[in-house]
Structure formats: C-alpha cells, structure tokens
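For reference, entry15.cif is printed below; it contains mmCIF, N, CA and C atoms.
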```cif
data_work
loop_
_atom_site.label_atom_id
_atom_site.label_comp_id
_atom_site.auth_asym_id
_atom_site.auth_seq_id
_atom_site.Cartn_x
_atom_site.Cartn_y
_atom_site.Cartn_z
N MET U 1 -4.28 -24.52 0.24
CA MET U 1 -4.88 -24.14 1.50
C MET U 1 -5.76 -22.91 1.30
N LYS U 2 -6.94 -22.96 1.84
CA LYS U 2 -7.89 -21.87 1.70
C LYS U 2 -7.42 -20.66 2.51
N GLU U 3 -7.50 -19.48 1.89
CA GLU U 3 -7.08 -18.25 2.57
C GLU U 3 -8.04 -17.90 3.70
N LYS U 4 -7.47 -17.50 4.82
CA LYS U 4 -8.29 -17.02 5.94
C LYS U 4 -8.72 -15.60 5.64
N ILE U 5 -9.98 -15.32 5.85
CA ILE U 5 -10.52 -13.98 5.67
C ILE U 5 -10.43 -13.25 7.01
N ASN U 6 -9.81 -12.10 6.99
CA ASN U 6 -9.69 -11.30 8.20
C ASN U 6 -10.90 -10.37 8.29
N TYR U 7 -11.96 -10.88 8.87
CA TYR U 7 -13.20 -10.09 8.96
C TYR U 7 -13.04 -8.86 9.83
N ALA U 8 -12.16 -8.92 10.82
CA ALA U 8 -11.93 -7.75 11.68
C ALA U 8 -11.42 -6.57 10.84
N LEU U 9 -10.57 -6.84 9.86
CA LEU U 9 -10.06 -5.79 8.99
C LEU U 9 -11.19 -5.12 8.23
N VAL U 10 -12.11 -5.92 7.71
CA VAL U 10 -13.25 -5.38 6.96
C VAL U 10 -14.15 -4.56 7.89
N ILE U 11 -14.40 -5.10 9.06
CA ILE U 11 -15.28 -4.40 10.00
C ILE U 11 -14.66 -3.07 10.42
N GLN U 12 -13.38 -3.07 10.74
CA GLN U 12 -12.71 -1.84 11.15
C GLN U 12 -12.67 -0.81 10.03
N THR U 13 -12.53 -1.29 8.79
CA THR U 13 -12.44 -0.38 7.65
C THR U 13 -13.79 0.16 7.22
N ASP U 14 -14.77 -0.73 7.09
CA ASP U 14 -16.06 -0.34 6.50
C ASP U 14 -17.17 -0.11 7.52
N TYR U 15 -17.03 -0.71 8.69
CA TYR U 15 -18.10 -0.63 9.70
C TYR U 15 -17.50 -0.27 11.06
N PRO U 16 -16.79 0.86 11.16
CA PRO U 16 -16.09 1.17 12.41
C PRO U 16 -17.01 1.36 13.61
N ASP U 17 -18.27 1.67 13.36
CA ASP U 17 -19.21 1.88 14.47
C ASP U 17 -20.09 0.66 14.73
N ALA U 18 -19.78 -0.45 14.06
CA ALA U 18 -20.59 -1.66 14.23
C ALA U 18 -20.47 -2.18 15.66
N ALA U 19 -21.62 -2.44 16.25
CA ALA U 19 -21.65 -3.05 17.58
C ALA U 19 -21.84 -4.54 17.38
N TYR U 20 -20.73 -5.27 17.40
CA TYR U 20 -20.79 -6.71 17.15
C TYR U 20 -20.24 -7.46 18.35
N THR U 21 -20.54 -8.72 18.35
CA THR U 21 -20.03 -9.61 19.38
C THR U 21 -19.25 -10.71 18.68
N LEU U 22 -18.11 -11.04 19.23
CA LEU U 22 -17.32 -12.15 18.72
C LEU U 22 -17.64 -13.36 19.57
N VAL U 23 -18.10 -14.41 18.92
CA VAL U 23 -18.51 -15.63 19.61
C VAL U 23 -17.35 -16.16 20.44
N ASP U 24 -17.64 -16.65 21.64
CA ASP U 24 -16.61 -17.20 22.52
C ASP U 24 -15.76 -18.23 21.78
N GLY U 25 -14.48 -18.08 21.88
CA GLY U 25 -13.57 -19.02 21.24
C GLY U 25 -13.29 -18.71 19.79
N GLY U 26 -14.04 -17.81 19.20
CA GLY U 26 -13.82 -17.47 17.79
C GLY U 26 -12.58 -16.61 17.63
N LYS U 27 -11.84 -16.88 16.59
CA LYS U 27 -10.63 -16.12 16.32
C LYS U 27 -10.88 -14.97 15.34
N GLY U 28 -12.08 -14.92 14.81
CA GLY U 28 -12.44 -13.84 13.91
C GLY U 28 -12.23 -14.12 12.44
N TYR U 29 -11.84 -15.35 12.11
CA TYR U 29 -11.62 -15.70 10.71
C TYR U 29 -12.83 -16.38 10.07
N ASN U 30 -13.85 -16.61 10.84
CA ASN U 30 -15.06 -17.25 10.33
C ASN U 30 -16.21 -16.26 10.38
N TYR U 31 -16.96 -16.22 9.32
CA TYR U 31 -18.11 -15.32 9.23
C TYR U 31 -19.05 -15.50 10.42
N ASP U 32 -19.27 -16.75 10.80
CA ASP U 32 -20.21 -17.03 11.88
C ASP U 32 -19.68 -16.66 13.27
N ASP U 33 -18.40 -16.29 13.37
CA ASP U 33 -17.84 -15.86 14.65
C ASP U 33 -18.39 -14.50 15.07
N TYR U 34 -18.93 -13.74 14.12
CA TYR U 34 -19.40 -12.38 14.39
C TYR U 34 -20.92 -12.35 14.44
N ILE U 35 -21.42 -11.69 15.45
CA ILE U 35 -22.86 -11.50 15.58
C ILE U 35 -23.10 -10.00 15.71
N TRP U 36 -23.88 -9.47 14.78
CA TRP U 36 -24.32 -8.08 14.91
C TRP U 36 -25.54 -7.86 14.06
N GLU U 37 -26.31 -6.86 14.46
CA GLU U 37 -27.55 -6.55 13.77
C GLU U 37 -27.23 -6.03 12.38
N ASN U 38 -28.00 -6.44 11.41
CA ASN U 38 -27.82 -6.01 10.02
C ASN U 38 -26.45 -6.38 9.45
N LYS U 39 -25.92 -7.50 9.87
CA LYS U 39 -24.62 -7.96 9.38
C LYS U 39 -24.72 -8.22 7.88
N PRO U 40 -23.77 -7.67 7.10
CA PRO U 40 -23.77 -7.95 5.67
C PRO U 40 -23.54 -9.43 5.40
N SER U 41 -23.87 -9.84 4.20
CA SER U 41 -23.71 -11.25 3.84
C SER U 41 -22.23 -11.63 3.81
N LYS U 42 -21.98 -12.91 3.93
CA LYS U 42 -20.63 -13.44 3.85
C LYS U 42 -19.98 -13.06 2.52
N GLU U 43 -20.73 -13.13 1.44
CA GLU U 43 -20.20 -12.80 0.12
C GLU U 43 -19.74 -11.34 0.05
N ILE U 44 -20.53 -10.45 0.64
CA ILE U 44 -20.16 -9.03 0.63
C ILE U 44 -18.88 -8.81 1.43
N LEU U 45 -18.80 -9.39 2.62
CA LEU U 45 -17.60 -9.23 3.45
C LEU U 45 -16.38 -9.88 2.83
N ASP U 46 -16.56 -11.05 2.23
CA ASP U 46 -15.44 -11.73 1.57
C ASP U 46 -14.91 -10.90 0.40
N ALA U 47 -15.81 -10.37 -0.41
CA ALA U 47 -15.40 -9.57 -1.57
C ALA U 47 -14.69 -8.29 -1.12
N ARG U 48 -15.23 -7.68 -0.08
CA ARG U 48 -14.62 -6.45 0.42
C ARG U 48 -13.23 -6.72 1.00
N TYR U 49 -13.06 -7.85 1.66
CA TYR U 49 -11.74 -8.22 2.19
C TYR U 49 -10.73 -8.32 1.04
N GLN U 50 -11.13 -8.95 -0.05
CA GLN U 50 -10.21 -9.08 -1.19
C GLN U 50 -9.84 -7.71 -1.76
N GLU U 51 -10.79 -6.78 -1.80
CA GLU U 51 -10.50 -5.43 -2.28
C GLU U 51 -9.52 -4.72 -1.35
N ILE U 52 -9.75 -4.81 -0.06
CA ILE U 52 -8.87 -4.16 0.91
C ILE U 52 -7.48 -4.76 0.84
N LYS U 53 -7.40 -6.07 0.78
CA LYS U 53 -6.11 -6.75 0.72
C LYS U 53 -5.35 -6.36 -0.55
N ARG U 54 -6.05 -6.29 -1.67
CA ARG U 54 -5.41 -5.90 -2.93
C ARG U 54 -4.88 -4.46 -2.84
N THR U 55 -5.63 -3.58 -2.21
CA THR U 55 -5.18 -2.20 -2.04
C THR U 55 -3.95 -2.15 -1.14
N GLN U 56 -3.96 -2.90 -0.06
CA GLN U 56 -2.80 -2.95 0.82
C GLN U 56 -1.59 -3.50 0.09
N ASP U 57 -1.79 -4.55 -0.68
CA ASP U 57 -0.69 -5.18 -1.41
C ASP U 57 -0.05 -4.21 -2.40
N VAL U 58 -0.86 -3.44 -3.13
CA VAL U 58 -0.31 -2.53 -4.12
C VAL U 58 0.49 -1.42 -3.42
N TRP U 59 0.03 -0.98 -2.26
CA TRP U 59 0.78 0.05 -1.52
C TRP U 59 2.09 -0.51 -0.97
N ILE U 60 2.08 -1.74 -0.52
CA ILE U 60 3.31 -2.36 -0.02
C ILE U 60 4.34 -2.46 -1.16
N GLN U 61 3.89 -2.91 -2.33
CA GLN U 61 4.79 -3.00 -3.48
C GLN U 61 5.30 -1.62 -3.90
N PHE U 62 4.41 -0.65 -3.85
CA PHE U 62 4.76 0.73 -4.22
C PHE U 62 5.85 1.28 -3.30
N ILE U 63 5.65 1.16 -2.00
CA ILE U 63 6.63 1.68 -1.03
C ILE U 63 7.96 0.93 -1.17
N ASP U 64 7.90 -0.37 -1.38
CA ASP U 64 9.13 -1.15 -1.57
C ASP U 64 9.92 -0.64 -2.77
N LYS U 65 9.21 -0.41 -3.89
CA LYS U 65 9.90 0.06 -5.10
C LYS U 65 10.43 1.48 -4.88
N ARG U 66 9.62 2.33 -4.28
CA ARG U 66 10.07 3.70 -4.02
C ARG U 66 11.32 3.69 -3.14
N ASN U 67 11.32 2.86 -2.10
CA ASN U 67 12.49 2.79 -1.22
C ASN U 67 13.72 2.27 -1.96
N LYS U 68 13.51 1.32 -2.87
CA LYS U 68 14.64 0.81 -3.67
C LYS U 68 15.19 1.91 -4.57
N LEU U 69 14.32 2.69 -5.18
CA LEU U 69 14.78 3.79 -6.02
C LEU U 69 15.57 4.82 -5.20
N LEU U 70 15.13 5.08 -3.99
CA LEU U 70 15.88 5.99 -3.11
C LEU U 70 17.25 5.40 -2.77
N THR U 71 17.26 4.12 -2.41
CA THR U 71 18.53 3.46 -2.07
C THR U 71 19.47 3.47 -3.27
N ASP U 72 18.93 3.17 -4.45
CA ASP U 72 19.76 3.13 -5.66
C ASP U 72 20.33 4.51 -6.01
N SER U 73 19.69 5.56 -5.54
CA SER U 73 20.17 6.91 -5.86
C SER U 73 20.89 7.58 -4.69
N ASP U 74 21.09 6.85 -3.61
CA ASP U 74 21.78 7.42 -2.44
C ASP U 74 23.12 8.03 -2.80
N LYS U 75 23.88 7.35 -3.64
CA LYS U 75 25.24 7.82 -3.94
C LYS U 75 25.24 9.22 -4.55
N TYR U 76 24.16 9.58 -5.27
CA TYR U 76 24.11 10.88 -5.92
C TYR U 76 23.83 12.01 -4.93
N ALA U 77 23.46 11.65 -3.71
CA ALA U 77 23.15 12.67 -2.70
C ALA U 77 24.31 12.86 -1.72
N THR U 78 25.35 12.05 -1.85
CA THR U 78 26.48 12.21 -0.93
C THR U 78 27.24 13.48 -1.26
N ILE U 79 27.83 14.05 -0.26
CA ILE U 79 28.52 15.32 -0.42
C ILE U 79 29.72 15.22 -1.35
N ASP U 80 30.33 14.04 -1.43
CA ASP U 80 31.54 13.91 -2.23
C ASP U 80 31.32 13.23 -3.59
N TYR U 81 30.03 13.05 -4.01
CA TYR U 81 29.82 12.46 -5.33
C TYR U 81 30.28 13.46 -6.40
N PRO U 82 31.04 13.00 -7.39
CA PRO U 82 31.60 13.93 -8.39
C PRO U 82 30.61 14.30 -9.51
N HIS U 83 29.60 15.10 -9.17
CA HIS U 83 28.67 15.58 -10.20
C HIS U 83 29.42 16.48 -11.17
N SER U 84 28.97 16.49 -12.41
CA SER U 84 29.65 17.32 -13.41
C SER U 84 29.43 18.81 -13.15
N ASP U 85 28.30 19.14 -12.51
CA ASP U 85 28.04 20.54 -12.15
C ASP U 85 26.94 20.59 -11.09
N ASP U 86 26.71 21.78 -10.56
CA ASP U 86 25.70 21.95 -9.50
C ASP U 86 24.28 21.70 -10.01
N THR U 87 24.03 21.96 -11.28
CA THR U 87 22.71 21.71 -11.86
C THR U 87 22.38 20.22 -11.81
N LYS U 88 23.36 19.39 -12.14
CA LYS U 88 23.17 17.94 -12.11
C LYS U 88 22.94 17.47 -10.68
N LYS U 89 23.71 17.99 -9.75
CA LYS U 89 23.54 17.63 -8.33
C LYS U 89 22.14 18.01 -7.86
N GLN U 90 21.69 19.21 -8.20
CA GLN U 90 20.37 19.67 -7.79
C GLN U 90 19.27 18.81 -8.41
N ALA U 91 19.48 18.37 -9.64
CA ALA U 91 18.48 17.51 -10.30
C ALA U 91 18.32 16.20 -9.54
N TRP U 92 19.44 15.62 -9.07
CA TRP U 92 19.35 14.39 -8.29
C TRP U 92 18.68 14.63 -6.95
N LEU U 93 18.98 15.73 -6.31
CA LEU U 93 18.34 16.03 -5.03
C LEU U 93 16.84 16.24 -5.22
N GLN U 94 16.46 16.90 -6.31
CA GLN U 94 15.04 17.12 -6.60
C GLN U 94 14.33 15.79 -6.89
N TYR U 95 14.98 14.92 -7.66
CA TYR U 95 14.42 13.60 -7.96
C TYR U 95 14.16 12.82 -6.67
N ARG U 96 15.13 12.83 -5.79
CA ARG U 96 14.99 12.10 -4.52
C ARG U 96 13.86 12.70 -3.66
N GLN U 97 13.70 14.01 -3.70
CA GLN U 97 12.60 14.64 -2.97
C GLN U 97 11.27 14.24 -3.59
N GLN U 98 11.22 14.17 -4.90
CA GLN U 98 9.98 13.73 -5.58
C GLN U 98 9.63 12.30 -5.17
N LEU U 99 10.64 11.45 -5.03
CA LEU U 99 10.39 10.07 -4.57
C LEU U 99 9.84 10.07 -3.15
N ARG U 100 10.42 10.90 -2.29
CA ARG U 100 9.93 10.94 -0.90
C ARG U 100 8.49 11.48 -0.83
N ASP U 101 8.17 12.43 -1.71
CA ASP U 101 6.83 13.03 -1.71
C ASP U 101 5.79 12.17 -2.44
N LEU U 102 6.25 11.19 -3.18
CA LEU U 102 5.37 10.42 -4.05
C LEU U 102 4.14 9.81 -3.37
N PRO U 103 4.26 9.24 -2.17
CA PRO U 103 3.05 8.66 -1.55
C PRO U 103 1.92 9.67 -1.35
N ASN U 104 2.26 10.95 -1.24
CA ASN U 104 1.24 11.98 -1.09
C ASN U 104 0.74 12.54 -2.41
N ASN U 105 1.47 12.22 -3.49
CA ASN U 105 1.16 12.83 -4.78
C ASN U 105 0.63 11.89 -5.85
N THR U 106 0.59 10.61 -5.56
CA THR U 106 0.11 9.66 -6.56
C THR U 106 -0.53 8.47 -5.87
N THR U 107 -1.27 7.72 -6.62
CA THR U 107 -1.88 6.49 -6.12
C THR U 107 -1.39 5.34 -6.97
N PRO U 108 -0.77 4.34 -6.35
CA PRO U 108 -0.32 3.19 -7.14
C PRO U 108 -1.51 2.39 -7.67
N TYR U 109 -1.27 1.65 -8.72
CA TYR U 109 -2.34 0.87 -9.34
C TYR U 109 -1.72 -0.37 -10.00
N TYR U 110 -2.58 -1.30 -10.36
CA TYR U 110 -2.14 -2.45 -11.14
C TYR U 110 -2.38 -2.14 -12.61
N ASN U 111 -1.33 -2.25 -13.43
CA ASN U 111 -1.48 -1.97 -14.85
C ASN U 111 -2.12 -3.16 -15.57
N ASN U 112 -2.25 -3.06 -16.88
CA ASN U 112 -2.92 -4.11 -17.66
C ASN U 112 -2.22 -5.46 -17.57
N ASP U 113 -0.93 -5.44 -17.25
CA ASP U 113 -0.18 -6.69 -17.10
C ASP U 113 -0.30 -7.27 -15.69
N GLY U 114 -1.03 -6.58 -14.81
CA GLY U 114 -1.19 -7.04 -13.45
C GLY U 114 -0.04 -6.65 -12.53
N ASN U 115 0.83 -5.77 -13.01
CA ASN U 115 1.96 -5.32 -12.20
C ASN U 115 1.66 -3.97 -11.57
N MET U 116 2.23 -3.75 -10.41
CA MET U 116 2.06 -2.46 -9.74
C MET U 116 2.76 -1.39 -10.57
N ASP U 117 2.12 -0.23 -10.65
CA ASP U 117 2.71 0.90 -11.35
C ASP U 117 2.25 2.18 -10.67
N ALA U 118 2.88 3.27 -11.03
CA ALA U 118 2.54 4.59 -10.48
C ALA U 118 3.12 5.63 -11.42
N ASP U 119 2.86 6.88 -11.13
CA ASP U 119 3.44 7.99 -11.92
C ASP U 119 4.80 8.32 -11.32
N TRP U 120 5.80 7.54 -11.73
CA TRP U 120 7.15 7.67 -11.17
C TRP U 120 7.87 8.87 -11.74
N PRO U 121 8.62 9.59 -10.93
CA PRO U 121 9.45 10.67 -11.50
C PRO U 121 10.57 10.07 -12.33
N THR U 122 11.05 10.84 -13.27
CA THR U 122 12.12 10.38 -14.15
C THR U 122 13.46 10.77 -13.53
N PRO U 123 14.36 9.81 -13.38
CA PRO U 123 15.67 10.14 -12.81
C PRO U 123 16.48 10.98 -13.79
N PRO U 124 17.34 11.84 -13.28
CA PRO U 124 18.20 12.63 -14.17
C PRO U 124 19.13 11.72 -14.96
N VAL U 125 19.53 12.21 -16.11
CA VAL U 125 20.49 11.44 -16.93
C VAL U 125 21.85 12.11 -16.94
#
```
Transcribe the structure of this file into structure tokens.
Amino acid sequence: MKEKINYALVIQTDYPDAAYTLVDGGKGYNYDDYIWENKPSKEILDARYQEIKRTQDVWIQFIDKRNKLLTDSDKYATIDYPHSDDTKKQAWLQYRQQLRDLPNNTTPYYNNDGNMDADWPTPPV
C-alpha cells in the first residue's frame, strides 16, 4: 500500500505563513488538494515529508530507549537499594539525571547500520 503523504505537516513545518486553500472535500493527503501561490513541486514536498518523518521517527526511538534505560535503572534510585557505598548511589543518581537531560544535550541519529544511536551516558558498574 502506498504511503499517504501528510502535506499539512510539511506546510506547517516549512511554510508556516503559507496562505493556501484546501480544495473542498480534500483530506490533505493529495498534492492537488492544496492551492497556493508559488507552491513547491510535488517532488519537493514529498522529499521533505520523508525527511521530517525520518527525524520524528529517530526521536521517537530515542525517547523510547531513554525511557527504557530509566525504567531499567529505577531500582538503583530507591531509598532501600543496598548500594555498597554513597559514592555508588550518587553515581546511579547522576546517571539517571544524565538520561533525563539527554534530549537537551544530544541529537539522536541513524548510525551506519541504520539503527538509532546517540551519545548515551555510561551506566555505573
């Protein structure tokens, strides 16, 4: 099945001030549903949609993995976890804070294998 292109997403992202008209009955998934002066070509809008979607997808995967790492380390943040010493406890708390701060400190990307990656903090050992 052919993927529907969400032209509204592209317009909102790249052309927020565009004065366009959506043809009566159009749902916005067809290039010809939009009428506006100096409208970019279908190829340009289609390519841009794929770029935006890929960026959204990598961020979704990134947040999912970050949340899993936080969940997996929850036990180390509980008040009654038997850390060997306060330094070890503090290291786990710092790691978890680094995970929470990560969306502001790094940009996820697709590595050479096509998998999402980022500059992940190293968990304490």
### Task
Measure the distance from atom C of Gly28 (chain U) to atom N of Tyr7 (chain U) in Å and round it to one decimal.
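Rounded to one decimal, the two atoms are 4.8 Å apart.
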### Task
Just the strand (DSSP E) stuff from region 32-125 of chain U, please, per backbone DSSP, written as a PyMOL selection string.
chain U and resi 34-35+109-110+116-117
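Compared by their closest atoms to Tyr34 (chain U), and using only C-alpha atoms, the residues U:Ala19, U:Thr13, U:Asn104, U:Glu51 rank with U:Ala19 nearest.
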### Query
For the atom pair CA of Asp86 (chain U) and CA of Val125 (chain U), what is the interatomic distance in Å to one decimal place?
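That distance, rounded to one decimal, is 13.9 Å.
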### Output of the PyMOL selection byres (((chain U and resi 41-46 and name CA) around 7) and name CA), listed as a list of chain:residue names
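Selected by the PyMOL selection byres (((chain U and resi 41-46 and name CA) around 7) and name CA) here: U:Ile5, U:Val10, U:Tyr31, U:Lys39, U:Pro40, U:Ala47, U:Arg48, U:Tyr49, U:Gln50.
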### Task
Check which residues satisfy the PyMOL selection byres (((chain U and resi 61 and name CA) around 12) and name CA) in the file shown, then give them as a ChimeraX atom specification.
/U:54-60,62-68,103,107-110,115-118
#### Entry: Residue nearest Asp72 (chain U) - candidates U:Gly25, U:Pro123, U:Gln90, U:Asn105, atoms counted: only C-alpha atoms
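Of U:Gly25, U:Pro123, U:Gln90, U:Asn105, the one nearest Asp72 (chain U), counting only C-alpha atoms, is U:Pro123.
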### Query
What is the CA of Ile35 (chain U) to CA of Ala8 (chain U) distance in Å?
12.2 Å
### Query
Looking at only C-alpha atoms, which of U:Tyr76, U:Trp120, U:Trp36, U:Tyr29 is the one that sits closest to Leu99 (chain U)?
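Distance minimum relative to Leu99 (chain U) lands on U:Trp120.
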### Query
Can you list, as a list in words, the residues that the PyMOL selection byres ((chain U and resi 124) around 8) selects here?
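Evaluating the PyMOL selection byres ((chain U and resi 124) around 8) on this file yields Lys88, Ala91, Trp92, Tyr95, Arg96, Pro121, Thr122, Pro123 and Val125 of chain U.
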### Task
Mind the document's chain letters and residue numbers, and return as number ranges by chain the residues of region 63-102 of chain U that DSSP labels helix (DSSP H, G or I).
U: 63-72, 74-77, 86-102
File dump, residues just selected, N, CA and C atoms, as a PDB file, in the coordinates of the input:
```pdb
ATOM      1  N   ILE U  63       5.650   1.160  -2.000  1.00  0.00           N
ATOM      2  CA  ILE U  63       6.630   1.680  -1.030  1.00  0.00           C
ATOM      3  C   ILE U  63       7.960   0.930  -1.170  1.00  0.00           C
ATOM      4  N   ASP U  64       7.900  -0.370  -1.380  1.00  0.00           N
ATOM      5  CA  ASP U  64       9.130  -1.150  -1.570  1.00  0.00           C
ATOM      6  C   ASP U  64       9.920  -0.640  -2.770  1.00  0.00           C
ATOM      7  N   LYS U  65       9.210  -0.410  -3.890  1.00  0.00           N
ATOM      8  CA  LYS U  65       9.900   0.060  -5.100  1.00  0.00           C
ATOM      9  C   LYS U  65      10.430   1.480  -4.880  1.00  0.00           C
ATOM     10  N   ARG U  66       9.620   2.330  -4.280  1.00  0.00           N
ATOM     11  CA  ARG U  66      10.070   3.700  -4.020  1.00  0.00           C
ATOM     12  C   ARG U  66      11.320   3.690  -3.140  1.00  0.00           C
ATOM     13  N   ASN U  67      11.320   2.860  -2.100  1.00  0.00           N
ATOM     14  CA  ASN U  67      12.490   2.790  -1.220  1.00  0.00           C
ATOM     15  C   ASN U  67      13.720   2.270  -1.960  1.00  0.00           C
ATOM     16  N   LYS U  68      13.510   1.320  -2.870  1.00  0.00           N
ATOM     17  CA  LYS U  68      14.640   0.810  -3.670  1.00  0.00           C
ATOM     18  C   LYS U  68      15.190   1.910  -4.570  1.00  0.00           C
ATOM     19  N   LEU U  69      14.320   2.690  -5.180  1.00  0.00           N
ATOM     20  CA  LEU U  69      14.780   3.790  -6.020  1.00  0.00           C
ATOM     21  C   LEU U  69      15.570   4.820  -5.200  1.00  0.00           C
ATOM     22  N   LEU U  70      15.130   5.080  -3.990  1.00  0.00           N
ATOM     23  CA  LEU U  70      15.880   5.990  -3.110  1.00  0.00           C
ATOM     24  C   LEU U  70      17.250   5.400  -2.770  1.00  0.00           C
ATOM     25  N   THR U  71      17.260   4.120  -2.410  1.00  0.00           N
ATOM     26  CA  THR U  71      18.530   3.460  -2.070  1.00  0.00           C
ATOM     27  C   THR U  71      19.470   3.470  -3.270  1.00  0.00           C
ATOM     28  N   ASP U  72      18.930   3.170  -4.450  1.00  0.00           N
ATOM     29  CA  ASP U  72      19.760   3.130  -5.660  1.00  0.00           C
ATOM     30  C   ASP U  72      20.330   4.510  -6.010  1.00  0.00           C
ATOM     31  N   ASP U  74      21.090   6.850  -3.610  1.00  0.00           N
ATOM     32  CA  ASP U  74      21.780   7.420  -2.440  1.00  0.00           C
ATOM     33  C   ASP U  74      23.120   8.030  -2.800  1.00  0.00           C
ATOM     34  N   LYS U  75      23.880   7.350  -3.640  1.00  0.00           N
ATOM     35  CA  LYS U  75      25.240   7.820  -3.940  1.00  0.00           C
ATOM     36  C   LYS U  75      25.240   9.220  -4.550  1.00  0.00           C
ATOM     37  N   TYR U  76      24.160   9.580  -5.270  1.00  0.00           N
ATOM     38  CA  TYR U  76      24.110  10.880  -5.920  1.00  0.00           C
ATOM     39  C   TYR U  76      23.830  12.010  -4.930  1.00  0.00           C
ATOM     40  N   ALA U  77      23.460  11.650  -3.710  1.00  0.00           N
ATOM     41  CA  ALA U  77      23.150  12.670  -2.700  1.00  0.00           C
ATOM     42  C   ALA U  77      24.310  12.860  -1.720  1.00  0.00           C
ATOM     43  N   ASP U  86      26.710  21.780 -10.560  1.00  0.00           N
ATOM     44  CA  ASP U  86      25.700  21.950  -9.500  1.00  0.00           C
ATOM     45  C   ASP U  86      24.280  21.700 -10.010  1.00  0.00           C
ATOM     46  N   THR U  87      24.030  21.960 -11.280  1.00  0.00           N
ATOM     47  CA  THR U  87      22.710  21.710 -11.860  1.00  0.00           C
ATOM     48  C   THR U  87      22.380  20.220 -11.810  1.00  0.00           C
ATOM     49  N   LYS U  88      23.360  19.390 -12.140  1.00  0.00           N
ATOM     50  CA  LYS U  88      23.170  17.940 -12.110  1.00  0.00           C
ATOM     51  C   LYS U  88      22.940  17.470 -10.680  1.00  0.00           C
ATOM     52  N   LYS U  89      23.710  17.990  -9.750  1.00  0.00           N
ATOM     53  CA  LYS U  89      23.540  17.630  -8.330  1.00  0.00           C
ATOM     54  C   LYS U  89      22.140  18.010  -7.860  1.00  0.00           C
ATOM     55  N   GLN U  90      21.690  19.210  -8.200  1.00  0.00           N
ATOM     56  CA  GLN U  90      20.370  19.670  -7.790  1.00  0.00           C
ATOM     57  C   GLN U  90      19.270  18.810  -8.410  1.00  0.00           C
ATOM     58  N   ALA U  91      19.480  18.370  -9.640  1.00  0.00           N
ATOM     59  CA  ALA U  91      18.480  17.510 -10.300  1.00  0.00           C
ATOM     60  C   ALA U  91      18.320  16.200  -9.540  1.00  0.00           C
ATOM     61  N   TRP U  92      19.440  15.620  -9.070  1.00  0.00           N
ATOM     62  CA  TRP U  92      19.350  14.390  -8.290  1.00  0.00           C
ATOM     63  C   TRP U  92      18.680  14.630  -6.950  1.00  0.00           C
ATOM     64  N   LEU U  93      18.980  15.730  -6.310  1.00  0.00           N
ATOM     65  CA  LEU U  93      18.340  16.030  -5.030  1.00  0.00           C
ATOM     66  C   LEU U  93      16.840  16.240  -5.220  1.00  0.00           C
ATOM     67  N   GLN U  94      16.460  16.900  -6.310  1.00  0.00           N
ATOM     68  CA  GLN U  94      15.040  17.120  -6.600  1.00  0.00           C
ATOM     69  C   GLN U  94      14.330  15.790  -6.890  1.00  0.00           C
ATOM     70  N   TYR U  95      14.980  14.920  -7.660  1.00  0.00           N
ATOM     71  CA  TYR U  95      14.420  13.600  -7.960  1.00  0.00           C
ATOM     72  C   TYR U  95      14.160  12.820  -6.670  1.00  0.00           C
ATOM     73  N   ARG U  96      15.130  12.830  -5.790  1.00  0.00           N
ATOM     74  CA  ARG U  96      14.990  12.100  -4.520  1.00  0.00           C
ATOM     75  C   ARG U  96      13.860  12.700  -3.660  1.00  0.00           C
ATOM     76  N   GLN U  97      13.700  14.010  -3.700  1.00  0.00           N
ATOM     77  CA  GLN U  97      12.600  14.640  -2.970  1.00  0.00           C
ATOM     78  C   GLN U  97      11.270  14.240  -3.590  1.00  0.00           C
ATOM     79  N   GLN U  98      11.220  14.170  -4.900  1.00  0.00           N
ATOM     80  CA  GLN U  98       9.980  13.730  -5.580  1.00  0.00           C
ATOM     81  C   GLN U  98       9.630  12.300  -5.170  1.00  0.00           C
ATOM     82  N   LEU U  99      10.640  11.450  -5.030  1.00  0.00           N
ATOM     83  CA  LEU U  99      10.390  10.070  -4.570  1.00  0.00           C
ATOM     84  C   LEU U  99       9.840  10.070  -3.150  1.00  0.00           C
ATOM     85  N   ARG U 100      10.420  10.900  -2.290  1.00  0.00           N
ATOM     86  CA  ARG U 100       9.930  10.940  -0.900  1.00  0.00           C
ATOM     87  C   ARG U 100       8.490  11.480  -0.830  1.00  0.00           C
ATOM     88  N   ASP U 101       8.170  12.430  -1.710  1.00  0.00           N
ATOM     89  CA  ASP U 101       6.830  13.030  -1.710  1.00  0.00           C
ATOM     90  C   ASP U 101       5.790  12.170  -2.440  1.00  0.00           C
ATOM     91  N   LEU U 102       6.250  11.190  -3.180  1.00  0.00           N
ATOM     92  CA  LEU U 102       5.370  10.420  -4.050  1.00  0.00           C
ATOM     93  C   LEU U 102       4.140   9.810  -3.370  1.00  0.00           C
TER      94      LEU U 102
END
```
### Task
Measuring atom to atom with only C-alpha atoms, identify which of U:Ile79, U:Ile52, U:Val23, U:Ala18 is nearest to Glu37 (chain U).
U:Ala18
